[in-house]
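The structure under discussion appears below in the form of structure tokens.
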2 protein chains.
Amino acid sequence: MAYGTTLAALADPTRRAVFERLRDGPKSVGEVARTLPVSRPAVSQHLKALKVAGLVSDRAEGTRRVYAIDPQGVGELRHWLDQFWGDALTAFKHEVELGEPPRRRKKP
Amino acid sequence: MAYGTTLAALADPTRRAVFERLRDGPKSVGEVARTLPVSRPAVSQHLKALKVAGLVSDRAEGTRRVYAIDPQGVGELRHWLDQFWGDALTAFKHEVELGEPPRRRKKP
DNA sequence: TTGTTCCGTAAGCCATGTCTTACGGTAAGT
DNA sequence: ACTTACCGTAAGACATGGCTTACGGAACAA
């Protein structure tokens, strides 16, 4: 259930905004906080949650701390999602919408 | 930002358990509730949230109501995740871990 | 050493969301 | 008509989680 932490991390809108700020390259905490309507400690807490979830990685650069997206966490989430992406599920959906299985045996 | 609702829907553990119960085929509300440690109204509310998020679809079958996984919501989430799955991001991660860009210009 | 900049953490307030019980409504059977 | 089975919604109690301010530590410069 590692994807539980990952999904919870991406559920919050502000935290997702922090995550998306890192899409075009690594950034420090202050750089991200300046582009968001929340305080810097809030961004720091969000980055910690993203790190625990395996979505970002950090590195010390002097007194600054640079964060970047870690594709591993994204990959695990993708892999979990594929369980619900099969052809059988599409068939199930049609079965529910039509009210009958695709192949009918009798007709009342 | 349609994926916001989708991510929020999958963030809750109980709701995710409801979603996973539908992985091996459509089920009614009572059938799902019997296999979970929560009440039936709770399951009903979770299924409503999953429906709004585009993750499940429902159909009336007599007095029962059958729910099934809707691959569309899963697909949208996958598509959003692909933004953070590129090669450039992997390069960014290495840049952060190594402390230097792959190609160094000078050496102090 | 002093000062500055950058950051993480703790404590508290407050909003959000989940669960329960209670109720009403629809469909099928007797 | 009456009963049973199944479901959705409302209201309230309760826990969870995000945000802020305040504080302390680490690195670089003068």
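In the structure tokens, chains take letters A, B, ... by order of appearance, with residues numbered from 1 within each chain and ligands from 1 in the order shown.
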
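With the cut-off set to 7 Å and only C-alpha atoms (C1' of nucleotides) counted, chain D residues close to chain A are DC19, DA26 and DA27 of chain D.
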
Create the file for the chosen residues now, containing C-alpha atoms (C1' of nucleotides) and written as a PDB file, in the first residue's frame.
```pdb
ATOM      1  C1'  DC D  19      -1.965  27.025   7.669  1.00  0.00           C
ATOM      2  C1'  DA D  26      23.307  25.532   9.597  1.00  0.00           C
ATOM      3  C1'  DA D  27      26.043  27.816   5.871  1.00  0.00           C
TER       4       DA D  27
END
```

Looking only at strand (DSSP E) from DSSP on the backbone, list the matching residues of stretch 35-84 of chain B as JSON, numbers by chain.
{"B": [56, 57, 58, 59, 60, 61, 64, 65, 66, 67, 68, 69]}

Could you give me, as CSV, a per-residue list for chain C showing, wherever an atom lies at most 10 Å from an atom of chain B, the closest pair of atoms and their distance in Å to one decimal, using only C-alpha atoms (C1' of nucleotides) and sorting by chain then residue number from low to high?
```
residue,atom,partner,partner_atom,distance
C:DG17,C1',B:Asp12,CA,9.9
C:DT18,C1',B:Ala42,CA,8.3
C:DC19,C1',B:Ala42,CA,6.8
C:DT20,C1',B:Ser39,CA,8.0
C:DT26,C1',B:Thr63,CA,6.9
C:DA27,C1',B:Thr63,CA,5.1
C:DA28,C1',B:Gly62,CA,7.9
```

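With atom CA of B:Gly73 on one side and atom CA of B:Thr6 on the other, the separation reads 7.0 Å.
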
Point-to-point distance from atom CA of A:Arg21 to atom CA of A:Trp80, Å rounded to tenths:
24.3 Å

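Comparing the minimum interatomic distances between chain B and each of A:Ile69, A:Leu36, A:Ala53, A:Leu47, counting only C-alpha atoms, we find that A:Ile69 sits nearest.
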
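Nearest to chain B of all the residues A:Val43, A:Leu77, A:Val56, A:Ala11 is A:Ala11, counting only C-alpha atoms.
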
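Candidate residues B:Pro37, B:Gly25, B:Gly30, B:Gly54 were compared for distance to chain A, and the nearest is B:Gly25, using only C-alpha atoms.
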
Sel. of helix (DSSP H, G or I) residues, stretch 17-99 of chain B, as a PyMOL selection string
chain B and resi 17-21+29-34+40-52+71-84+87-98

List as a count of residues only the protein and nucleic acid residues near A:Leu22, meaning an atom at most 8 Å away when only C-alpha atoms (C1' of nucleotides) are counted, but skip any in the same chain fewer than 5 places from it.
4

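Among the candidates A:Val32, A:Val52, A:Val18, A:Val66, the residue lying nearest to chain B is A:Val66 (atoms considered: only C-alpha atoms).
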
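You can rank B:Arg23, B:His79, B:Lys51, B:Arg65 by their closest distance to D:DG8 using only C-alpha atoms (C1' of nucleotides), and at the top of that list sits B:Arg65.
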
Just want the 12 Å neighbourhood of C:DT30, counted on only C-alpha atoms (C1' of nucleotides), with same-chain residues fewer than 5 positions away dropped. Output as a PyMOL selection string.
chain D and resi 1-4

So that I have them on file, write out the residues from the current selection with all heavy atoms, as a PDB file, in the first residue's frame.
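Dumped to selection-v8.pdb:
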```pdb
ATOM      1  P    DA D   1     -54.029   0.342  -1.174  1.00  0.00           P
ATOM      2  OP1  DA D   1     -52.646   0.588  -1.145  1.00  0.00           O
ATOM      3  OP2  DA D   1     -55.127   0.838  -1.859  1.00  0.00           O
ATOM      4  O5'  DA D   1     -54.334  -1.178  -0.761  1.00  0.00           O
ATOM      5  C5'  DA D   1     -55.273  -1.479   0.258  1.00  0.00           C
ATOM      6  C4'  DA D   1     -54.682  -2.486   1.211  1.00  0.00           C
ATOM      7  O4'  DA D   1     -54.049  -3.564   0.428  1.00  0.00           O
ATOM      8  C3'  DA D   1     -53.579  -1.930   2.109  1.00  0.00           C
ATOM      9  O3'  DA D   1     -53.687  -2.500   3.403  1.00  0.00           O
ATOM     10  C2'  DA D   1     -52.290  -2.364   1.426  1.00  0.00           C
ATOM     11  C1'  DA D   1     -52.680  -3.679   0.781  1.00  0.00           C
ATOM     12  N9   DA D   1     -51.952  -3.964  -0.461  1.00  0.00           N
ATOM     13  C8   DA D   1     -51.842  -3.175  -1.547  1.00  0.00           C
ATOM     14  N7   DA D   1     -51.149  -3.698  -2.515  1.00  0.00           N
ATOM     15  C5   DA D   1     -50.765  -4.919  -2.027  1.00  0.00           C
ATOM     16  C6   DA D   1     -49.996  -5.967  -2.564  1.00  0.00           C
ATOM     17  N6   DA D   1     -49.455  -5.925  -3.789  1.00  0.00           N
ATOM     18  N1   DA D   1     -49.796  -7.056  -1.803  1.00  0.00           N
ATOM     19  C2   DA D   1     -50.346  -7.100  -0.590  1.00  0.00           C
ATOM     20  N3   DA D   1     -51.096  -6.176   0.029  1.00  0.00           N
ATOM     21  C4   DA D   1     -51.262  -5.111  -0.751  1.00  0.00           C
ATOM     22  P    DC D   2     -52.941  -1.883   4.651  1.00  0.00           P
ATOM     23  OP1  DC D   2     -53.841  -1.959   5.816  1.00  0.00           O
ATOM     24  OP2  DC D   2     -52.367  -0.588   4.209  1.00  0.00           O
ATOM     25  O5'  DC D   2     -51.757  -2.922   4.870  1.00  0.00           O
ATOM     26  C5'  DC D   2     -52.040  -4.320   4.899  1.00  0.00           C
ATOM     27  C4'  DC D   2     -50.742  -5.121   4.821  1.00  0.00           C
ATOM     28  O4'  DC D   2     -50.318  -5.235   3.443  1.00  0.00           O
ATOM     29  C3'  DC D   2     -49.561  -4.502   5.582  1.00  0.00           C
ATOM     30  O3'  DC D   2     -49.078  -5.421   6.539  1.00  0.00           O
ATOM     31  C2'  DC D   2     -48.533  -4.176   4.507  1.00  0.00           C
ATOM     32  C1'  DC D   2     -48.912  -5.148   3.389  1.00  0.00           C
ATOM     33  N1   DC D   2     -48.546  -4.664   2.030  1.00  0.00           N
ATOM     34  C2   DC D   2     -47.838  -5.501   1.162  1.00  0.00           C
ATOM     35  O2   DC D   2     -47.524  -6.640   1.543  1.00  0.00           O
ATOM     36  N3   DC D   2     -47.502  -5.048  -0.071  1.00  0.00           N
ATOM     37  C4   DC D   2     -47.849  -3.814  -0.443  1.00  0.00           C
ATOM     38  N4   DC D   2     -47.509  -3.415  -1.673  1.00  0.00           N
ATOM     39  C5   DC D   2     -48.583  -2.948   0.417  1.00  0.00           C
ATOM     40  C6   DC D   2     -48.896  -3.401   1.638  1.00  0.00           C
ATOM     41  P    DT D   3     -47.914  -4.939   7.583  1.00  0.00           P
ATOM     42  OP1  DT D   3     -48.266  -5.474   8.916  1.00  0.00           O
ATOM     43  OP2  DT D   3     -47.656  -3.501   7.405  1.00  0.00           O
ATOM     44  O5'  DT D   3     -46.665  -5.743   7.022  1.00  0.00           O
ATOM     45  C5'  DT D   3     -46.845  -7.113   6.604  1.00  0.00           C
ATOM     46  C4'  DT D   3     -45.640  -7.567   5.798  1.00  0.00           C
ATOM     47  O4'  DT D   3     -45.687  -6.985   4.464  1.00  0.00           O
ATOM     48  C3'  DT D   3     -44.281  -7.155   6.395  1.00  0.00           C
ATOM     49  O3'  DT D   3     -43.506  -8.308   6.631  1.00  0.00           O
ATOM     50  C2'  DT D   3     -43.670  -6.232   5.349  1.00  0.00           C
ATOM     51  C1'  DT D   3     -44.368  -6.663   4.068  1.00  0.00           C
ATOM     52  N1   DT D   3     -44.459  -5.592   3.036  1.00  0.00           N
ATOM     53  C2   DT D   3     -43.953  -5.838   1.783  1.00  0.00           C
ATOM     54  O2   DT D   3     -43.439  -6.893   1.466  1.00  0.00           O
ATOM     55  N3   DT D   3     -44.091  -4.784   0.906  1.00  0.00           N
ATOM     56  C4   DT D   3     -44.656  -3.554   1.164  1.00  0.00           C
ATOM     57  O4   DT D   3     -44.716  -2.681   0.296  1.00  0.00           O
ATOM     58  C5   DT D   3     -45.153  -3.363   2.493  1.00  0.00           C
ATOM     59  C7   DT D   3     -45.792  -2.050   2.885  1.00  0.00           C
ATOM     60  C6   DT D   3     -45.030  -4.382   3.361  1.00  0.00           C
ATOM     61  P    DT D   4     -42.100  -8.173   7.460  1.00  0.00           P
ATOM     62  OP1  DT D   4     -41.970  -9.393   8.299  1.00  0.00           O
ATOM     63  OP2  DT D   4     -42.040  -6.825   8.073  1.00  0.00           O
ATOM     64  O5'  DT D   4     -41.016  -8.238   6.302  1.00  0.00           O
ATOM     65  C5'  DT D   4     -41.112  -9.262   5.311  1.00  0.00           C
ATOM     66  C4'  DT D   4     -40.149  -8.989   4.170  1.00  0.00           C
ATOM     67  O4'  DT D   4     -40.670  -7.923   3.333  1.00  0.00           O
ATOM     68  C3'  DT D   4     -38.744  -8.532   4.601  1.00  0.00           C
ATOM     69  O3'  DT D   4     -37.776  -9.379   4.038  1.00  0.00           O
ATOM     70  C2'  DT D   4     -38.632  -7.096   4.079  1.00  0.00           C
ATOM     71  C1'  DT D   4     -39.604  -7.099   2.914  1.00  0.00           C
ATOM     72  N1   DT D   4     -40.166  -5.751   2.590  1.00  0.00           N
ATOM     73  C2   DT D   4     -40.113  -5.295   1.299  1.00  0.00           C
ATOM     74  O2   DT D   4     -39.634  -5.945   0.391  1.00  0.00           O
ATOM     75  N3   DT D   4     -40.654  -4.053   1.109  1.00  0.00           N
ATOM     76  C4   DT D   4     -41.227  -3.228   2.068  1.00  0.00           C
ATOM     77  O4   DT D   4     -41.676  -2.128   1.779  1.00  0.00           O
ATOM     78  C5   DT D   4     -41.249  -3.774   3.396  1.00  0.00           C
ATOM     79  C7   DT D   4     -41.844  -2.978   4.522  1.00  0.00           C
ATOM     80  C6   DT D   4     -40.715  -4.986   3.596  1.00  0.00           C
TER      81       DT D   4
END
```

Just the residues within 10 Å of D:DC23, please, counting only C-alpha atoms (C1' of nucleotides), with nothing from its chain fewer than 2 positions along; format it as a PyMOL selection string.
(chain C and resi 9-10) or (chain D and resi 21+25)
